[in-house]
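Next comes start.tsv, with TSV, C-alpha atoms and all ligand atoms.
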chain	number	residue	atom	x	y	z
A	1335	MET	CA	9.20	45.17	4.55
A	1336	ALA	CA	11.44	45.95	1.58
A	1337	ARG	CA	9.77	48.81	-0.25
A	1338	LEU	CA	9.76	49.09	-4.03
A	1339	PHE	CA	9.82	52.89	-4.07
A	1340	HIS	CA	12.65	54.82	-2.45
A	1341	TYR	CA	12.18	58.54	-2.79
A	1342	LYS	CA	14.49	61.53	-2.36
A	1343	ILE	CA	13.22	65.09	-2.16
A	1344	ILE	CA	15.89	67.03	-4.03
A	1345	ASN	CA	15.51	70.63	-2.80
A	1346	ASN	CA	14.02	72.34	0.20
A	1347	ALA	CA	10.54	73.86	-0.09
A	1348	PHE	CA	11.96	77.16	-1.38
A	1349	GLY	CA	13.93	75.45	-4.15
A	1350	ASP	CA	12.40	73.87	-7.24
A	1351	PRO	CA	10.08	70.97	-6.47
A	1352	CYS	CA	11.48	67.64	-7.62
A	1353	VAL	CA	11.35	64.06	-6.33
A	1354	LEU	CA	13.62	61.23	-7.43
A	1355	ILE	CA	12.12	57.77	-7.01
A	1356	GLN	CA	14.51	54.85	-7.14
A	1357	LEU	CA	13.08	51.40	-7.74
A	1358	LEU	CA	14.41	48.64	-5.53
A	1359	ARG	CA	16.86	46.34	-7.40
A	1360	GLU	CA	15.88	47.87	-10.76
A	1361	LYS	CA	18.88	50.18	-11.46
A	1362	ARG	CA	16.26	52.57	-12.67
A	1363	ALA	CA	14.70	55.79	-11.37
A	1364	LEU	CA	11.74	58.08	-12.02
A	1365	LEU	CA	11.62	61.86	-11.69
A	1366	LEU	CA	8.62	63.85	-10.61
A	1367	ASP	CA	9.19	67.31	-12.12
A	1368	VAL	CA	12.58	68.31	-13.40
A	1369	GLY	CA	13.41	71.73	-11.96
A	1370	ASP	CA	16.81	72.45	-10.44
A	1371	ILE	CA	18.40	68.97	-10.23
A	1372	ARG	CA	22.00	70.03	-9.55
A	1373	ARG	CA	21.88	68.12	-6.28
A	1374	ILE	CA	21.23	64.78	-7.97
A	1375	PRO	CA	24.55	63.00	-8.59
A	1376	PHE	CA	25.39	62.16	-12.21
A	1377	ASN	CA	25.34	58.39	-11.53
A	1378	GLU	CA	21.73	58.71	-10.39
A	1379	ILE	CA	20.59	61.00	-13.21
A	1380	ILE	CA	21.74	58.45	-15.79
A	1381	LYS	CA	19.32	55.90	-14.34
A	1382	VAL	CA	16.26	58.10	-14.93
A	1383	SER	CA	13.96	56.29	-17.36
A	1384	ASP	CA	10.81	58.38	-17.00
A	1385	ILE	CA	10.16	62.03	-16.16
A	1386	PHE	CA	6.70	63.15	-15.10
A	1387	VAL	CA	6.31	66.90	-15.55
A	1388	THR	CA	3.37	68.72	-13.97
A	1389	HIS	CA	3.70	71.79	-16.24
A	1390	THR	CA	6.50	73.63	-17.98
A	1391	HIS	CA	6.94	76.69	-15.76
A	1392	ILE	CA	10.70	77.09	-15.47
A	1393	ASP	CA	10.90	75.91	-11.85
A	1394	HIS	CA	9.49	72.51	-12.90
A	1395	PHE	CA	11.34	72.02	-16.20
A	1396	ILE	CA	14.74	73.74	-16.26
A	1397	GLY	CA	16.58	70.51	-15.32
A	1398	PHE	CA	15.65	68.75	-18.57
A	1399	ASP	CA	18.90	69.90	-20.22
A	1400	GLN	CA	20.94	68.35	-17.44
A	1401	VAL	CA	19.20	65.01	-17.79
A	1402	LEU	CA	19.79	65.17	-21.53
A	1403	ARG	CA	23.46	65.96	-20.98
A	1404	ALA	CA	23.85	62.95	-18.66
A	1405	ILE	CA	22.07	60.37	-20.83
A	1406	LEU	CA	23.19	61.47	-24.30
A	1407	ARG	CA	25.08	58.24	-25.01
A	1408	ARG	CA	22.56	55.96	-23.36
A	1409	HIS	CA	20.91	53.00	-25.10
A	1410	GLU	CA	17.74	53.00	-23.01
A	1411	PRO	CA	15.19	55.56	-24.15
A	1412	LEU	CA	14.01	58.47	-22.00
A	1413	ARG	CA	10.27	58.91	-21.65
A	1414	ILE	CA	8.89	62.29	-20.66
A	1415	TYR	CA	5.25	62.93	-19.81
A	1416	GLY	CA	3.55	66.27	-19.33
A	1417	PRO	CA	0.71	68.60	-20.24
A	1418	GLU	CA	-0.54	69.33	-23.75
A	1419	ASN	CA	2.47	71.53	-24.67
A	1420	ILE	CA	5.22	69.14	-23.47
A	1421	ILE	CA	6.13	67.96	-26.99
A	1422	GLU	CA	6.65	71.55	-28.17
A	1423	CYS	CA	8.67	72.33	-25.04
A	1424	VAL	CA	10.94	69.27	-25.43
A	1425	HIS	CA	11.31	70.11	-29.12
A	1426	GLY	CA	12.20	73.69	-28.21
A	1427	LYS	CA	14.88	72.52	-25.78
A	1428	LEU	CA	16.38	70.14	-28.35
A	1429	ARG	CA	16.39	72.85	-31.02
A	1430	GLY	CA	18.48	75.00	-28.71
A	1431	TYR	CA	21.61	72.95	-29.51
A	1432	THR	CA	23.56	71.81	-32.59
A	1433	TRP	CA	23.44	68.07	-33.28
A	1434	ASN	CA	25.91	67.36	-36.09
A	1435	LEU	CA	28.03	64.90	-34.06
A	1436	VAL	CA	25.45	62.52	-32.62
A	1437	ALA	CA	24.60	60.39	-35.67
A	1438	ASP	CA	25.92	57.23	-33.99
A	1439	TYR	CA	24.34	57.90	-30.57
A	1440	PRO	CA	21.55	55.45	-29.73
A	1441	LEU	CA	19.47	57.78	-27.55
A	1442	GLN	CA	15.78	58.08	-28.22
A	1443	ILE	CA	13.44	60.47	-26.41
A	1444	GLU	CA	9.74	59.76	-26.28
A	1445	ALA	CA	7.44	62.64	-25.32
A	1446	TYR	CA	3.85	62.05	-24.23
A	1447	ALA	CA	1.47	65.02	-24.03
A	1448	ILE	CA	-1.55	64.34	-21.85
A	1449	LYS	CA	-4.25	66.27	-23.66
A	1450	ASN	CA	-7.20	65.29	-21.50
A	1451	ASN	CA	-8.29	62.26	-19.49
A	1452	LYS	CA	-8.75	60.22	-22.69
A	1453	GLU	CA	-5.95	61.05	-25.12
A	1454	ILE	CA	-2.19	61.36	-25.30
A	1455	ALA	CA	-0.21	62.80	-28.20
A	1456	PHE	CA	3.06	60.93	-28.77
A	1457	ALA	CA	6.25	62.17	-30.47
A	1458	LYS	CA	9.78	60.81	-30.79
A	1459	PHE	CA	13.17	62.50	-31.04
A	1460	VAL	CA	16.04	60.23	-32.13
A	1461	ALA	CA	19.70	61.30	-31.75
A	1462	SER	CA	20.78	59.55	-34.96
A	1463	LYS	CA	18.34	61.75	-36.88
A	1464	GLY	CA	19.54	64.95	-35.19
A	1465	PHE	CA	16.58	64.91	-32.77
A	1466	LYS	CA	14.13	65.91	-35.50
A	1467	ILE	CA	10.55	65.61	-34.32
A	1468	GLU	CA	8.63	62.48	-35.38
A	1469	ASP	CA	4.90	62.63	-34.86
A	1470	MET	CA	3.71	59.23	-33.62
A	1471	GLY	CA	0.01	60.08	-33.46
A	1472	ILE	CA	-2.57	59.89	-30.68
A	1473	LEU	CA	-2.81	57.14	-28.05
A	1474	GLN	CA	-5.99	56.37	-26.12
A	1475	LEU	CA	-5.90	56.53	-22.34
A	1476	LYS	CA	-7.64	53.81	-20.36
A	1477	ASN	CA	-8.52	54.46	-16.70
A	1478	ASN	CA	-6.09	57.41	-16.68
A	1479	ILE	CA	-3.13	54.99	-16.80
A	1480	ILE	CA	-0.20	56.41	-18.76
A	1481	LEU	CA	2.34	53.77	-17.81
A	1482	ASN	CA	1.44	50.19	-16.98
A	1483	GLU	CA	4.31	47.93	-15.98
A	1484	PRO	CA	4.44	44.68	-14.01
A	1485	LEU	CA	5.94	46.44	-10.99
A	1486	PHE	CA	3.81	49.59	-10.90
A	1487	LYS	CA	1.46	51.82	-12.82
A	1488	VAL	CA	1.26	55.59	-13.20
A	1489	LYS	CA	-2.05	57.43	-13.37
A	1490	THR	CA	-2.71	61.05	-14.21
A	1491	ILE	CA	-5.34	63.70	-13.98
A	1492	VAL	CA	-5.52	67.05	-15.77
A	1493	LEU	CA	-6.13	70.00	-13.43
A	1494	SER	CA	-5.86	73.76	-13.75
A	1495	HIS	CA	-3.16	76.25	-12.72
A	1496	GLY	CA	-4.45	78.94	-15.09
A	1497	ILE	CA	-2.85	76.58	-17.62
A	1498	PRO	CA	-3.34	72.79	-17.71
A	1499	VAL	CA	-1.30	71.03	-15.03
A	1500	ILE	CA	-0.93	67.28	-14.52
A	1501	ALA	CA	-1.02	65.46	-11.18
A	1502	TYR	CA	0.49	61.96	-10.98
A	1503	SER	CA	0.09	58.88	-8.83
A	1504	ILE	CA	2.48	55.94	-8.85
A	1505	GLU	CA	1.01	52.73	-7.52
A	1506	GLU	CA	2.01	49.16	-6.88
A	1507	ASP	CA	-0.95	46.78	-7.33
A	1508	PHE	CA	0.17	44.68	-4.39
A	1509	HIS	CA	3.37	44.18	-2.47
A	1510	ILE	CA	5.15	40.84	-2.15
A	1511	ASN	CA	6.99	40.07	1.08
A	1512	ILE	CA	8.92	36.95	1.94
A	1513	ASN	CA	7.75	35.00	4.97
A	1514	LYS	CA	11.12	34.28	6.60
A	1515	VAL	CA	9.77	31.51	8.83
A	1516	GLU	CA	8.31	29.63	5.86
A	1517	LEU	CA	11.46	30.31	3.86
A	1518	GLU	CA	13.61	28.68	6.51
A	1519	ARG	CA	11.18	25.85	7.05
A	1520	ALA	CA	11.35	25.04	3.32
A	1521	GLY	CA	15.15	25.08	3.56
A	1522	PHE	CA	15.76	28.03	1.25
A	1523	GLN	CA	18.32	30.77	1.58
A	1524	ILE	CA	17.86	34.48	0.98
A	1525	GLY	CA	19.38	35.69	-2.30
A	1526	PRO	CA	18.81	37.60	-5.53
A	1527	TRP	CA	16.57	34.75	-6.74
A	1528	LEU	CA	13.82	36.13	-4.48
A	1529	GLY	CA	13.86	39.42	-6.42
A	1530	GLU	CA	13.46	37.44	-9.66
A	1531	LEU	CA	10.64	35.41	-8.15
A	1532	LYS	CA	8.78	38.59	-7.13
A	1533	LYS	CA	9.21	40.04	-10.59
A	1534	LEU	CA	7.85	36.92	-12.28
A	1535	ILE	CA	4.84	36.97	-9.99
A	1536	LYS	CA	4.13	40.62	-10.86
A	1537	ILE	CA	4.36	39.78	-14.55
A	1538	TYR	CA	2.13	36.70	-14.54
A	1539	TYR	CA	-0.24	37.02	-11.57
A	1540	ASN	CA	-2.89	39.28	-10.09
A	1541	TYR	CA	-3.56	39.32	-6.40
A	1542	ASP	CA	-6.96	38.09	-5.36
A	1543	PRO	CA	-7.85	38.17	-1.64
A	1544	ILE	CA	-9.68	34.82	-1.92
A	1545	LYS	CA	-7.66	32.88	-4.47
A	1546	PHE	CA	-4.35	34.48	-3.40
A	1547	LEU	CA	-2.47	34.72	-6.70
A	1548	LYS	CA	-4.43	34.24	-9.88
A	1549	PRO	CA	-2.78	33.96	-13.32
A	1550	LYS	CA	-3.41	37.05	-15.49
A	1551	ARG	CA	-3.98	34.74	-18.45
A	1552	LYS	CA	-3.70	31.05	-19.14
A	1553	ILE	CA	-0.07	30.18	-18.61
A	1554	SER	CA	1.86	26.99	-18.76
A	1555	CYS	CA	3.98	26.16	-15.75
A	1556	ILE	CA	6.61	28.81	-14.94
A	1557	LYS	CA	9.93	27.60	-13.59
A	1558	VAL	CA	12.02	29.61	-11.16
A	1559	ASP	CA	15.73	29.21	-10.47
A	1560	THR	CA	16.08	28.58	-6.74
A	1561	PRO	CA	19.01	27.44	-4.56
A	1562	LYS	CA	17.36	23.99	-4.73
A	1563	GLY	CA	17.23	23.98	-8.52
A	1564	LYS	CA	14.39	24.85	-10.89
A	1565	LEU	CA	10.98	24.76	-9.26
A	1566	ASN	CA	7.44	25.39	-10.41
A	1567	ILE	CA	6.53	28.94	-9.33
A	1568	GLU	CA	3.35	27.84	-7.56
A	1569	GLU	CA	5.34	25.54	-5.25
A	1570	LEU	CA	6.91	28.71	-3.86
A	1571	PHE	CA	3.64	30.45	-2.95
A	1572	PRO	CA	3.82	29.32	0.73
A	1573	ILE	CA	6.89	31.50	1.31
A	1574	LEU	CA	5.08	34.64	0.08
A	1575	LYS	CA	3.09	37.13	2.05
A	1576	ILE	CA	1.08	39.71	0.10
A	1577	THR	CA	0.32	43.14	1.49
A	1578	LYS	CA	-1.25	46.30	0.08
A	1579	GLY	CA	0.88	48.04	-2.57
A	1580	GLU	CA	2.23	51.52	-2.00
A	1581	LYS	CA	0.69	54.63	-3.58
A	1582	ILE	CA	2.62	57.87	-4.05
A	1583	SER	CA	0.90	61.02	-5.33
A	1584	TYR	CA	2.40	64.24	-6.61
A	1585	VAL	CA	0.36	67.44	-6.89
A	1586	MET	CA	1.94	70.84	-7.61
A	1587	ASP	CA	0.77	74.30	-8.65
A	1588	ILE	CA	-2.99	74.03	-8.55
A	1589	ALA	CA	-5.57	76.83	-8.67
A	1590	PRO	CA	-7.59	76.73	-5.43
A	1591	THR	CA	-10.93	76.08	-7.14
A	1592	GLU	CA	-13.61	73.75	-5.82
A	1593	ASP	CA	-13.46	71.67	-8.97
A	1594	ASN	CA	-9.68	71.11	-8.65
A	1595	ILE	CA	-9.93	70.30	-4.95
A	1596	LYS	CA	-12.71	67.77	-5.48
A	1597	LYS	CA	-10.75	66.04	-8.23
A	1598	ILE	CA	-7.52	65.96	-6.19
A	1599	VAL	CA	-9.20	64.42	-3.15
A	1600	GLN	CA	-10.53	61.60	-5.28
A	1601	PHE	CA	-7.27	61.17	-7.19
A	1602	VAL	CA	-4.93	61.00	-4.17
A	1603	LYS	CA	-7.32	58.95	-2.01
A	1604	ASP	CA	-5.51	56.68	0.48
A	1605	SER	CA	-2.03	57.57	-0.77
A	1606	ASP	CA	0.76	56.44	1.51
A	1607	ILE	CA	2.59	59.65	0.62
A	1608	LEU	CA	1.31	62.83	-0.93
A	1609	PHE	CA	3.87	65.33	-2.22
A	1610	CYS	CA	2.09	68.63	-2.49
A	1611	GLU	CA	2.51	72.37	-2.61
A	1612	ALA	CA	1.28	74.73	0.12
A	1613	TYR	CA	2.32	77.91	-1.63
A	1614	PHE	CA	0.48	80.55	0.37
A	1615	LEU	CA	-0.91	80.92	3.87
A	1616	ASN	CA	-4.65	81.19	4.26
A	1617	ARG	CA	-4.29	84.87	5.22
A	1618	ASP	CA	-2.94	85.46	1.67
A	1619	LYS	CA	-5.79	83.57	0.04
A	1620	ASP	CA	-6.49	86.39	-2.45
A	1621	ARG	CA	-2.93	86.11	-3.68
A	1622	ALA	CA	-3.32	82.31	-3.96
A	1623	ILE	CA	-6.39	82.80	-6.15
A	1624	GLU	CA	-4.58	85.38	-8.29
A	1625	ARG	CA	-1.48	83.15	-8.73
A	1626	ASN	CA	-3.40	79.86	-9.12
A	1627	HIS	CA	-1.80	78.12	-6.14
A	1628	LEU	CA	-3.12	76.17	-3.15
A	1629	THR	CA	-3.02	77.53	0.37
A	1630	ALA	CA	-1.58	75.53	3.28
A	1631	LYS	CA	-5.07	75.28	4.73
A	1632	ILE	CA	-6.50	73.76	1.53
A	1633	THR	CA	-3.59	71.33	1.27
A	1634	GLY	CA	-4.28	70.17	4.84
A	1635	GLU	CA	-7.98	69.72	4.03
A	1636	ILE	CA	-7.13	67.65	0.95
A	1637	ALA	CA	-4.83	65.39	3.03
A	1638	LYS	CA	-7.58	64.94	5.61
A	1639	LYS	CA	-10.41	64.22	3.17
A	1640	ALA	CA	-8.25	61.89	1.07
A	1641	ASN	CA	-7.01	60.01	4.14
A	1642	VAL	CA	-3.36	60.21	3.08
A	1643	GLY	CA	-0.77	58.52	5.29
A	1644	GLU	CA	1.94	61.17	5.11
A	1645	ILE	CA	2.12	64.59	3.50
A	1646	ARG	CA	5.35	66.26	2.35
A	1647	ILE	CA	5.27	69.94	1.44
A	1648	LEU	CA	7.64	70.72	-1.44
A	1649	HIS	CA	6.73	74.16	-2.73
A	1650	ILE	CA	6.30	77.30	-0.61
A	1651	SER	CA	6.35	80.96	-1.74
A	1652	PRO	CA	9.68	82.74	-1.00
A	1653	LYS	CA	7.50	85.27	0.80
A	1654	TYR	CA	7.61	82.93	3.83
A	1655	ILE	CA	11.33	82.22	3.79
A	1656	GLU	CA	11.67	83.62	7.33
A	1657	ASN	CA	8.79	81.60	8.76
A	1658	PRO	CA	8.19	78.34	6.88
A	1659	GLN	CA	7.10	76.78	10.16
A	1660	GLU	CA	3.91	78.81	9.92
A	1661	VAL	CA	3.10	77.11	6.63
A	1662	TYR	CA	3.79	73.60	7.94
A	1663	SER	CA	1.69	74.16	11.05
A	1664	GLU	CA	-1.23	75.56	9.02
A	1665	VAL	CA	-1.15	72.35	6.94
A	1666	GLU	CA	-1.05	70.18	10.09
A	1667	LEU	CA	-3.76	72.07	11.97
A	1668	SER	CA	-6.01	72.03	8.94
A	1669	ARG	CA	-5.34	68.34	8.44
A	1670	LYS	CA	-6.38	67.64	12.02
A	1671	GLY	CA	-9.53	69.74	11.49
A	1672	ILE	CA	-8.43	72.26	14.12
A	1673	LEU	CA	-8.46	75.32	11.83
A	1674	ALA	CA	-11.86	77.00	11.48
A	1675	GLN	CA	-13.57	76.45	8.12
A	1676	SER	CA	-13.71	79.52	5.91
B	1	ZN	ZN	5.95	76.15	-9.34
B	2	ZN	ZN	3.56	76.99	-11.95
So that I can check it, write out the structure of this file as structure tokens.
Ligand SMILES: [Zn+2]
Ligand SMILES: [Zn+2]
Amino acid sequence: MARLFHYKIINNAFGDPCVLIQLLREKRALLLDVGDIRRIPFNEIIKVSDIFVTHTHIDHFIGFDQVLRAILRRHEPLRIYGPENIIECVHGKLRGYTWNLVADYPLQIEAYAIKNNKEIAFAKFVASKGFKIEDMGILQLKNNIILNEPLFKVKTIVLSHGIPVIAYSIEEDFHININKVELERAGFQIGPWLGELKKLIKIYYNYDPIKFLKPKRKISCIKVDTPKGKLNIEELFPILKITKGEKISYVMDIAPTEDNIKKIVQFVKDSDILFCEAYFLNRDKDRAIERNHLTAKITGEIAKKANVGEIRILHISPKYIENPQEVYSEVELSRKGILAQS
């Protein structure tokens, strides 16, 4: 199965947490947190269209300048999402430089501050205006969805880390595969046209287990360019096989409170991959409470209760640099329910 999301974990668990998600055939990438990104090649940074920041502690935000440096002459805008202070923080970064030579640069930065589960504040910074802040007002959030595109949607939840922190999930509604046997039987050949076909389906159809693909709204017949000429899209349905879409969740720097844990379990439910912190060991639980971080044991419990497919630990205290294995095994044992409850 060709997956839509291809992810790269940028640093080891003692470096800054950051995940780059490349979208299949889209020449476009997403970033989850933007800490130390020196290991991302320039030609990949310039494809970043959206950055999802959990909070603006330096280990999650210092790489913003490097993204800015790479995309300064770009036509496509950069969108950055984060907690309630993200607009101020982006503004602060932009004010740290002199912008008298960018009047003919097309770049536009859009910053979205997730204030709560209902509202987002929106501001724009345009190169041609010297990146002065433009207040674009408040947007309403529906079903926690901050980005809704044909190929995927991004949902958020506001949690606490002593300060507000945002967790993200990136989901595909459904996944379209090509049934090779049917493809051959119909006399078609594999080619880029199949990518176009999939995209059109995501734009115009919803998946319905009974009716298969159901138009999102009343549409007149859509034609697709195929190796056999232009065909009506619905004639091509027999070569498609629909499977469950992928869900990726990203949860960093969370106070180990019952309220946070309950919300996370619900939010990351059935994720194929959960990227999470496991900052302290359970034996240092007091420290975890003091520093507003999860313990490896709690992270394992979350993965178990939420039935996640795979868990990747991205953020561990430097305290355990000699024995990270202890952290990973605490997560695993807790996930299997082997560790005693405390
Ligand atoms: Zn951190
Ligand atoms: Zn933090």
Protein and nucleic acid residues within 7 Å of ligand ZN 1 (chain B) (all atoms listed in the file) as a ChimeraX atom specification: /A:1391,1393-1394,1586-1587,1649
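Nearest to A:Asp1350 of all the residues A:Leu1402, A:Pro1652, A:Ile1421, A:Leu1485 is A:Pro1652, based on all atoms listed in the file.
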Within-10 Å residues of ligand ZN 2 (chain B), basis all atoms listed in the file, as JSON, numbers by chain: {"A": [1388, 1389, 1390, 1391, 1392, 1393, 1394, 1495, 1496, 1497, 1498, 1499, 1586, 1587, 1588, 1589, 1625, 1626, 1627]}
Residue among A:Cys1610, A:Leu1570, A:Ala1630, A:Leu1365 lying closest to A:Ala1501, counting all atoms listed in the file: A:Cys1610
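Neighbours of A:Lys1639 closer than or equal to 10 Å, with only C-alpha atoms counted and sequence neighbours fewer than 5 positions away skipped, come out as Lys1596, Ile1598, Val1599, Gln1600, Val1602, Lys1603, Asp1604, Gly1634 and Arg1669 of chain A.
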A:Glu1518 surroundings by only C-alpha atoms, 12 Å radius, close-in-sequence under 6 positions cut, as an NGL selection string: :A and (1512 or 1524 or 1572-1573)
Residue nearest A:Ile1420 among A:Val1387, A:Leu1547, A:Ala1437, A:Leu1667 (counting all atoms listed in the file):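 Residue with the minimum atom-to-atom distance to A:Ile1420: A:Val1387.
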Residue neighbourhood A:Leu1357, 12 Å, all atoms listed in the file, exclusion window fewer than 5 positions, as a ChimeraX atom specification: /A:1336-1342,1362-1365,1378,1381-1384,1485-1486,1504,1506
Would you mind putting back N, CA and C atoms on stretch 1620-1641 of chain A, then writing it out as an mmCIF file, in the coordinates of the input?
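Result went into out.cif, see below:
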data_model
loop_
_atom_site.group_PDB
_atom_site.id
_atom_site.type_symbol
_atom_site.label_atom_id
_atom_site.label_comp_id
_atom_site.auth_asym_id
_atom_site.auth_seq_id
_atom_site.Cartn_x
_atom_site.Cartn_y
_atom_site.Cartn_z
ATOM 1 N N ASP A 1620 -6.211 85.623 -1.215
ATOM 2 C CA ASP A 1620 -6.490 86.390 -2.450
ATOM 3 C C ASP A 1620 -5.319 86.237 -3.429
ATOM 4 N N ARG A 1621 -4.132 86.265 -2.876
ATOM 5 C CA ARG A 1621 -2.930 86.110 -3.680
ATOM 6 C C ARG A 1621 -2.884 84.684 -4.284
ATOM 7 N N ALA A 1622 -3.292 83.714 -3.483
ATOM 8 C CA ALA A 1622 -3.320 82.310 -3.960
ATOM 9 C C ALA A 1622 -4.274 82.188 -5.143
ATOM 10 N N ILE A 1623 -5.408 82.853 -5.048
ATOM 11 C CA ILE A 1623 -6.390 82.800 -6.150
ATOM 12 C C ILE A 1623 -5.800 83.458 -7.396
ATOM 13 N N GLU A 1624 -5.172 84.627 -7.179
ATOM 14 C CA GLU A 1624 -4.580 85.380 -8.290
ATOM 15 C C GLU A 1624 -3.453 84.581 -8.985
ATOM 16 N N ARG A 1625 -2.635 83.865 -8.187
ATOM 17 C CA ARG A 1625 -1.480 83.150 -8.730
ATOM 18 C C ARG A 1625 -1.757 81.671 -9.025
ATOM 19 N N ASN A 1626 -3.020 81.254 -8.829
ATOM 20 C CA ASN A 1626 -3.400 79.860 -9.120
ATOM 21 C C ASN A 1626 -2.598 78.826 -8.324
ATOM 22 N N HIS A 1627 -2.501 79.063 -7.015
ATOM 23 C CA HIS A 1627 -1.800 78.120 -6.140
ATOM 24 C C HIS A 1627 -2.705 77.724 -4.975
ATOM 25 N N LEU A 1628 -2.373 76.591 -4.346
ATOM 26 C CA LEU A 1628 -3.120 76.170 -3.150
ATOM 27 C C LEU A 1628 -2.613 76.920 -1.918
ATOM 28 N N THR A 1629 -3.468 77.005 -0.920
ATOM 29 C CA THR A 1629 -3.020 77.530 0.370
ATOM 30 C C THR A 1629 -2.697 76.328 1.270
ATOM 31 N N ALA A 1630 -1.941 76.598 2.335
ATOM 32 C CA ALA A 1630 -1.580 75.530 3.280
ATOM 33 C C ALA A 1630 -2.847 74.918 3.878
ATOM 34 N N LYS A 1631 -3.830 75.763 4.120
ATOM 35 C CA LYS A 1631 -5.070 75.280 4.730
ATOM 36 C C LYS A 1631 -5.778 74.285 3.786
ATOM 37 N N ILE A 1632 -5.841 74.648 2.505
ATOM 38 C CA ILE A 1632 -6.500 73.760 1.530
ATOM 39 C C ILE A 1632 -5.721 72.447 1.404
ATOM 40 N N THR A 1633 -4.407 72.543 1.370
ATOM 41 C CA THR A 1633 -3.590 71.330 1.270
ATOM 42 C C THR A 1633 -3.865 70.398 2.454
ATOM 43 N N GLY A 1634 -3.959 70.969 3.644
ATOM 44 C CA GLY A 1634 -4.280 70.170 4.840
ATOM 45 C C GLY A 1634 -5.650 69.517 4.715
ATOM 46 N N GLU A 1635 -6.618 70.276 4.185
ATOM 47 C CA GLU A 1635 -7.980 69.720 4.030
ATOM 48 C C GLU A 1635 -7.985 68.563 3.025
ATOM 49 N N ILE A 1636 -7.210 68.727 1.959
ATOM 50 C CA ILE A 1636 -7.130 67.650 0.950
ATOM 51 C C ILE A 1636 -6.567 66.383 1.614
ATOM 52 N N ALA A 1637 -5.470 66.553 2.373
ATOM 53 C CA ALA A 1637 -4.830 65.390 3.030
ATOM 54 C C ALA A 1637 -5.817 64.699 3.968
ATOM 55 N N LYS A 1638 -6.621 65.498 4.651
ATOM 56 C CA LYS A 1638 -7.580 64.940 5.610
ATOM 57 C C LYS A 1638 -8.672 64.168 4.868
ATOM 58 N N LYS A 1639 -9.285 64.852 3.890
ATOM 59 C CA LYS A 1639 -10.410 64.220 3.170
ATOM 60 C C LYS A 1639 -9.944 62.981 2.394
ATOM 61 N N ALA A 1640 -8.724 63.013 1.896
ATOM 62 C CA ALA A 1640 -8.250 61.890 1.070
ATOM 63 C C ALA A 1640 -7.613 60.798 1.920
ATOM 64 N N ASN A 1641 -7.540 61.017 3.229
ATOM 65 C CA ASN A 1641 -7.010 60.010 4.140
ATOM 66 C C ASN A 1641 -5.583 59.579 3.775
#
